[in-house]
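Read through the structure below, which is laid out as structure tokens, and then see the notes.
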Amino acid sequence: MSGEGLRSIVRQLPSEVMVRIDRHEIEGRDLRLVIRPDGLVPLAGHLRKELGARLVTLHATDDRALEGCFKLHLVMAPQGMDALVSATAPLGLGEWRYESLTPTINDADWYEREIQDMFGLVAIGHPDPRPLVLHEDWPEGKYPLRKDFLTGERPPRVKGEYHFTKVEGEGVYEIPVGPVHAGVIEPGHFRFSVAGEPIINLEVRLGYVHRGVEKLSESTPYPKGVHLAERISGDNSVAHSTAYCQAVEALASCQVPERAEHIRVVMLELERLYNLFGDIAGIALDTALSVAAACGYLLREKAMNLNECLTGSRLLRSVNVLGGVRKDLTPNDREKVLATMVKLKLEFDDLVTLMLSSPSMMDRVETTGRLTREMAVDLNVVGPAARASGVDRDVRRDHPYAAYGNLNFLVPTQSGGDVAARMRVKMDEVRESFSLIDQALDGMPAGPVRAKLGSVPQGHAACSLVESPRGEIVHWIMAGRGAPARHKVRDASFCNWLAMEQAVLGNIVPDFPLINKSFNLSYAGNDL
Amino acid sequence: MFKFLKLGVLKKGVQTRDYPRERAPAFDAFLGLPMVDMERCDRCAACVSACPVQAITMLPAEIEISAERCIFCAACVEACPGAMTMGKEFELASLSRDGLKVVYRRG
């Protein structure tokens, strides 16, 4: 069915795009195009306007060794189809500029700034060409993801300056916050411009935990890459390692046993549970509803204890291996999960009743930090934050992976877009997770839990999407010799930070921690 | 208004353990520092090449595992289920860097 759908996409491409396409092929659920760089903008514009396609990733590869040029890769997902449209655009020989997509599809903004920092390719016409990932002490002319930049190279620090967006006027002042914060959280700088209490502009400056994951991955053999993927964003280990494994398995044409796919679902949902418990408790904590916060953190602790009992790791590390999962679930484990779920469900219901019936709490969260639906679509917000603004998207349903295709679940949405809506979506998702774990355990067939991974042919690329607790994550891998030649990771937070800049506008500064907590974004996942 | 009194949220009792006075035994599946059974080890160094963080060093007569580098991923046990196991010990803190090295000798 998707094959026919993809063919009709090709047929409907406007002539200005068609004449610039050198090759197109349909591979499974993917439409792959090789296009001239000047065709990217009309292609993206057409896919967005006619098919409601959202941007999955936009990144570059350095193919100068073999083909003498850089290549741009654009992946978009047409609405309502379980399919991806990937376009590869080789830039000309020695060319380092291309036409910016941001004026056409706004969500390309950060991707293009990232490409500029990491590859030195400049998007002409980008509205905000400041550096994004690299900080002011990084020397000019050093581009970390180019192949001639060696892993482990430490360029000298230079003096530089970063220019924040200036907001000026009578009574307007700036509040700089971070990168070191009061709590034990990750580093990030927030620059507020305020007039009195209400925020009139917020600029988020990240990149303090940039570890060079994508570069490291290029020298990490596939089996070891799983451990690297687990550590991209600490509390999303299973989501990232599943995405990595799925991409490599797709490259090697390896069929994961059904039992392993069910175990992956159980683990992915256990991860979602403890993350969502933490998020809900955090919202209660920031509204000073201490009893609820304590109950929420207790639930999270119990969930993490279950994780440790099942896998030996509270954060569910070392669950996935290429071709399946490391450890089978014994009947004993199954009983343990079911018994714990029964207890957690009851306690969670009490917690929800307490939170939703507490006027002091509801007064604080309702209408706070509103993100409109238009804004959420425009910025390509993902995950619970998008669903709270009425954007009905979930990778588990729209692009089923692992065993999700066989399971029944609802995708909860809300229309408010405020902190209360995000809280309610998360509460509903917890209930869906309980049901998914039950179903996955019930429907789990007997059999092996891992398949042998064959050889990974060089030069091919695979893209894998997973719904992490924070939303859609993407791993795009181009195979090299025993390790990825290029590994592009896009965490959910990379999409959602810009949404937070919008959601806080007009709110008072004391509500910022609450809004921040309701998104609960990852710094490490964004910085990579 | 006092509806929450009827909920189970206030009657939690003591939820913590009097650790370290009361011991906290690790789960069976727990992933602690790898242990080497030197009787079964044939020094093939499969664990050394499987380790993603170079935490295992093959010395002339012994094997050294560094708790400083180990990420408790169990890749070594995957590579050598015969001689390697993941330990249950979690109290690995030390006052010196040398104290973080565990050395296995034959006999």
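Just remember, in the structure tokens the first chain shown is A, the second B, etc., residues are 1-based per chain, and ligands are 1-based in the order shown.
For chain A, the residues within 7 Å of chain B are Lys224, Cys295, Glu308, Cys309, Leu310, Thr311, Gly312, Ser313, Ser318, Asp350, Leu351 and Leu354 of chain A, with only C-alpha atoms used to measure distance.
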Write the residues you've just listed into a file as a PDB file, in the first residue's frame, and include C-alpha atoms for each of them.
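Okay, out_11.pdb is ready:
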```
ATOM      1  CA  LYS A 224      30.080  -1.183  20.897  1.00  0.00           C
ATOM      2  CA  CYS A 295       4.243  10.074  45.989  1.00  0.00           C
ATOM      3  CA  GLU A 308      17.038  -3.184  38.241  1.00  0.00           C
ATOM      4  CA  CYS A 309      15.396  -6.431  39.236  1.00  0.00           C
ATOM      5  CA  LEU A 310      14.714  -7.319  35.580  1.00  0.00           C
ATOM      6  CA  THR A 311      17.842  -6.115  33.845  1.00  0.00           C
ATOM      7  CA  GLY A 312      20.390  -5.354  36.540  1.00  0.00           C
ATOM      8  CA  SER A 313      20.344  -1.667  35.707  1.00  0.00           C
ATOM      9  CA  SER A 318      22.560  -3.111  28.326  1.00  0.00           C
ATOM     10  CA  ASP A 350      -4.572   7.968  43.886  1.00  0.00           C
ATOM     11  CA  LEU A 351      -1.812  10.334  42.841  1.00  0.00           C
ATOM     12  CA  LEU A 354      -4.869  14.066  44.444  1.00  0.00           C
TER      13      LEU A 354
END
```
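All residues of chain B that DSSP, run on the backbone, classes as helix (DSSP H, G or I) are Phe2, Lys3, Phe4, Leu5, Lys6, Gly8, Val9, Leu10, Ala46, Cys47, Val48, Ser49, Ala50, Ala75, Cys76, Val77, Glu78, Ala79, Asp98, Gly99 and Leu100 of chain B.
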Selection: 12 Å around range 11-20 of chain A, only C-alpha atoms, excl. self and same-chain fewer than 2 positions, as a PDB file with N, CA and C atoms, in the first residue's frame:
```pdb
ATOM      1  N   GLU A   4       2.403   2.036  -3.431  1.00  0.00           N
ATOM      2  CA  GLU A   4       1.532   2.784  -4.347  1.00  0.00           C
ATOM      3  C   GLU A   4       1.468   4.260  -3.945  1.00  0.00           C
ATOM      4  N   GLY A   5       1.351   4.472  -2.622  1.00  0.00           N
ATOM      5  CA  GLY A   5       1.317   5.847  -2.116  1.00  0.00           C
ATOM      6  C   GLY A   5       2.564   6.605  -2.510  1.00  0.00           C
ATOM      7  N   LEU A   6       3.717   5.940  -2.398  1.00  0.00           N
ATOM      8  CA  LEU A   6       4.977   6.604  -2.717  1.00  0.00           C
ATOM      9  C   LEU A   6       5.068   6.904  -4.205  1.00  0.00           C
ATOM     10  N   ARG A   7       4.563   5.951  -5.034  1.00  0.00           N
ATOM     11  CA  ARG A   7       4.595   6.202  -6.482  1.00  0.00           C
ATOM     12  C   ARG A   7       3.740   7.416  -6.834  1.00  0.00           C
ATOM     13  N   SER A   8       2.625   7.543  -6.126  1.00  0.00           N
ATOM     14  CA  SER A   8       1.776   8.691  -6.448  1.00  0.00           C
ATOM     15  C   SER A   8       2.424   9.993  -5.974  1.00  0.00           C
ATOM     16  N   ILE A   9       3.249   9.917  -4.913  1.00  0.00           N
ATOM     17  CA  ILE A   9       3.980  11.116  -4.512  1.00  0.00           C
ATOM     18  C   ILE A   9       4.903  11.541  -5.646  1.00  0.00           C
ATOM     19  N   ASP A  22      17.641  13.344 -10.230  1.00  0.00           N
ATOM     20  CA  ASP A  22      18.478  12.505 -11.075  1.00  0.00           C
ATOM     21  C   ASP A  22      18.050  11.055 -11.018  1.00  0.00           C
ATOM     22  N   ARG A  23      17.565  10.612  -9.848  1.00  0.00           N
ATOM     23  CA  ARG A  23      17.224   9.205  -9.711  1.00  0.00           C
ATOM     24  C   ARG A  23      16.176   9.089  -8.614  1.00  0.00           C
ATOM     25  N   HIS A  24      15.239   8.170  -8.770  1.00  0.00           N
ATOM     26  CA  HIS A  24      14.347   7.892  -7.641  1.00  0.00           C
ATOM     27  C   HIS A  24      14.069   6.410  -7.573  1.00  0.00           C
ATOM     28  N   LEU A  33      15.340   9.740  -3.164  1.00  0.00           N
ATOM     29  CA  LEU A  33      15.566  10.599  -4.321  1.00  0.00           C
ATOM     30  C   LEU A  33      17.000  11.085  -4.312  1.00  0.00           C
ATOM     31  N   VAL A  34      17.596  11.185  -5.481  1.00  0.00           N
ATOM     32  CA  VAL A  34      18.855  11.908  -5.611  1.00  0.00           C
ATOM     33  C   VAL A  34      18.514  13.147  -6.408  1.00  0.00           C
ATOM     34  N   ILE A  35      18.796  14.285  -5.827  1.00  0.00           N
ATOM     35  CA  ILE A  35      18.276  15.522  -6.380  1.00  0.00           C
ATOM     36  C   ILE A  35      19.397  16.544  -6.429  1.00  0.00           C
ATOM     37  N   ARG A  36      19.295  17.474  -7.372  1.00  0.00           N
ATOM     38  CA  ARG A  36      20.291  18.547  -7.391  1.00  0.00           C
ATOM     39  C   ARG A  36      19.982  19.533  -6.256  1.00  0.00           C
ATOM     40  N   PRO A  37      21.034  20.151  -5.681  1.00  0.00           N
ATOM     41  CA  PRO A  37      20.805  20.981  -4.481  1.00  0.00           C
ATOM     42  C   PRO A  37      19.735  22.057  -4.682  1.00  0.00           C
ATOM     43  N   ASP A  38      19.618  22.601  -5.887  1.00  0.00           N
ATOM     44  CA  ASP A  38      18.625  23.667  -6.063  1.00  0.00           C
ATOM     45  C   ASP A  38      17.197  23.125  -6.113  1.00  0.00           C
ATOM     46  N   GLY A  39      17.056  21.785  -6.057  1.00  0.00           N
ATOM     47  CA  GLY A  39      15.709  21.220  -6.029  1.00  0.00           C
ATOM     48  C   GLY A  39      15.198  20.980  -4.622  1.00  0.00           C
ATOM     49  N   LEU A  40      16.088  21.123  -3.625  1.00  0.00           N
ATOM     50  CA  LEU A  40      15.685  20.801  -2.247  1.00  0.00           C
ATOM     51  C   LEU A  40      14.582  21.717  -1.730  1.00  0.00           C
ATOM     52  N   VAL A  41      14.746  23.017  -1.989  1.00  0.00           N
ATOM     53  CA  VAL A  41      13.766  23.972  -1.448  1.00  0.00           C
ATOM     54  C   VAL A  41      12.377  23.737  -2.039  1.00  0.00           C
ATOM     55  N   PRO A  42      12.252  23.650  -3.387  1.00  0.00           N
ATOM     56  CA  PRO A  42      10.900  23.373  -3.912  1.00  0.00           C
ATOM     57  C   PRO A  42      10.363  22.013  -3.471  1.00  0.00           C
ATOM     58  N   LEU A  43      11.249  21.017  -3.325  1.00  0.00           N
ATOM     59  CA  LEU A  43      10.787  19.692  -2.885  1.00  0.00           C
ATOM     60  C   LEU A  43      10.223  19.774  -1.463  1.00  0.00           C
ATOM     61  N   ALA A  44      10.995  20.393  -0.563  1.00  0.00           N
ATOM     62  CA  ALA A  44      10.532  20.501   0.827  1.00  0.00           C
ATOM     63  C   ALA A  44       9.239  21.313   0.902  1.00  0.00           C
ATOM     64  N   GLY A  45       9.181  22.394   0.127  1.00  0.00           N
ATOM     65  CA  GLY A  45       7.986  23.230   0.115  1.00  0.00           C
ATOM     66  C   GLY A  45       6.775  22.456  -0.370  1.00  0.00           C
ATOM     67  N   HIS A  46       6.966  21.662  -1.427  1.00  0.00           N
ATOM     68  CA  HIS A  46       5.853  20.882  -1.990  1.00  0.00           C
ATOM     69  C   HIS A  46       5.375  19.829  -0.992  1.00  0.00           C
ATOM     70  N   LEU A  47       6.346  19.097  -0.380  1.00  0.00           N
ATOM     71  CA  LEU A  47       5.969  18.037   0.560  1.00  0.00           C
ATOM     72  C   LEU A  47       5.227  18.619   1.759  1.00  0.00           C
ATOM     73  N   LYS A  49       3.513  21.552   1.849  1.00  0.00           N
ATOM     74  CA  LYS A  49       2.232  22.170   1.518  1.00  0.00           C
ATOM     75  C   LYS A  49       1.189  21.157   1.084  1.00  0.00           C
ATOM     76  N   GLU A  50       1.594  20.215   0.236  1.00  0.00           N
ATOM     77  CA  GLU A  50       0.611  19.288  -0.342  1.00  0.00           C
ATOM     78  C   GLU A  50       0.388  18.055   0.520  1.00  0.00           C
ATOM     79  N   LEU A  51       1.440  17.598   1.227  1.00  0.00           N
ATOM     80  CA  LEU A  51       1.311  16.333   1.950  1.00  0.00           C
ATOM     81  C   LEU A  51       1.432  16.508   3.465  1.00  0.00           C
ATOM     82  N   ALA A  87      15.787  12.555   0.545  1.00  0.00           N
ATOM     83  CA  ALA A  87      16.404  13.153  -0.629  1.00  0.00           C
ATOM     84  C   ALA A  87      17.877  13.407  -0.339  1.00  0.00           C
ATOM     85  N   THR A  88      18.722  12.965  -1.246  1.00  0.00           N
ATOM     86  CA  THR A  88      20.153  13.211  -1.118  1.00  0.00           C
ATOM     87  C   THR A  88      20.543  14.222  -2.180  1.00  0.00           C
ATOM     88  N   ALA A  89      21.216  15.265  -1.743  1.00  0.00           N
ATOM     89  CA  ALA A  89      21.608  16.300  -2.702  1.00  0.00           C
ATOM     90  C   ALA A  89      23.116  16.493  -2.650  1.00  0.00           C
ATOM     91  N   PRO A  90      23.854  15.964  -3.637  1.00  0.00           N
ATOM     92  CA  PRO A  90      25.299  16.189  -3.664  1.00  0.00           C
ATOM     93  C   PRO A  90      25.569  17.635  -4.085  1.00  0.00           C
TER      94      PRO A  90
END
```
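Within range 167-257 of chain A, residues classed as strand (DSSP E) by DSSP on backbone coordinates are Val172, Tyr173, Glu174, Ile175, Pro176, Val177, His189, Phe190, Arg191, Phe192, Ser193, Val194, Ala195, Ile199, Ile200, Asn201, Leu202, Glu203, Val204 and Arg205 of chain A.
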How many Å separate CA of Pro257 in chain A from CA of Val449 in chain A?
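Computing it gives 6.0 Å between the two atoms.
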Pick from A:Asp128, A:Glu258, A:Glu67, A:Glu27: nearest to Val85 in chain A, with only C-alpha atoms counted?
A:Glu27
Report as a list of chain:residue names all protein, DNA and RNA residues lying within 10 Å of Asp398 in chain A, evaluated on only C-alpha atoms, omitting residues in the same chain fewer than 5 positions from it.
A:Ala77, A:Gln79, A:Gly80, A:Met81, A:Asp82, A:Ala83, A:Asp392, A:Arg393, A:Gly405
Of the candidates B:Gln54, B:Ser66, B:Thr16, B:Thr85, which shows the shortest atom-to-atom distance to Cys41 in chain B, using only C-alpha atoms?
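Closest candidate: B:Thr85.
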Just to confirm, what's the straight-line distance from CA of Arg54 in chain A to CA of Leu322 in chain A in Å (one decimal)?
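Calculated distance between CA of Arg54 in chain A and CA of Leu322 in chain A is 29.0 Å.
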To one decimal place, how far is CA of Lys166 in chain A from CA of Val194 in chain A in Å?
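Here the two named atoms are 11.4 Å from each other.
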Neighbouring residues of Arg43 in chain B were defined as those with any atom within 12 Å, considering only C-alpha atoms; residues of the same chain fewer than 4 positions away were excluded. Please report them as a PyMOL selection string.
chain B and resi 36-39+47-49+56-63+80+82-84+104-106
For Pro510 in chain A: contacts at 12 Å, only C-alpha atoms, fewer than 6 positions along chain excluded, given as a PyMOL selection string
chain A and resi 192+194+196-199+286-287+364+368-369+504+516
Between A:Leu273, A:Ala385, A:Leu202, A:Ala339, which residue has the minimum interatomic distance to Glu501 in chain A, considering only C-alpha atoms?
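For Glu501 in chain A, the nearest of the candidates is A:Leu202.
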Which neighbours of Gly480 in chain A fall inside 7 Å, counting only C-alpha atoms, when residues of the same chain fewer than 3 positions from it are skipped, and could you give them as number ranges by chain?
A: 458-459, 483-485
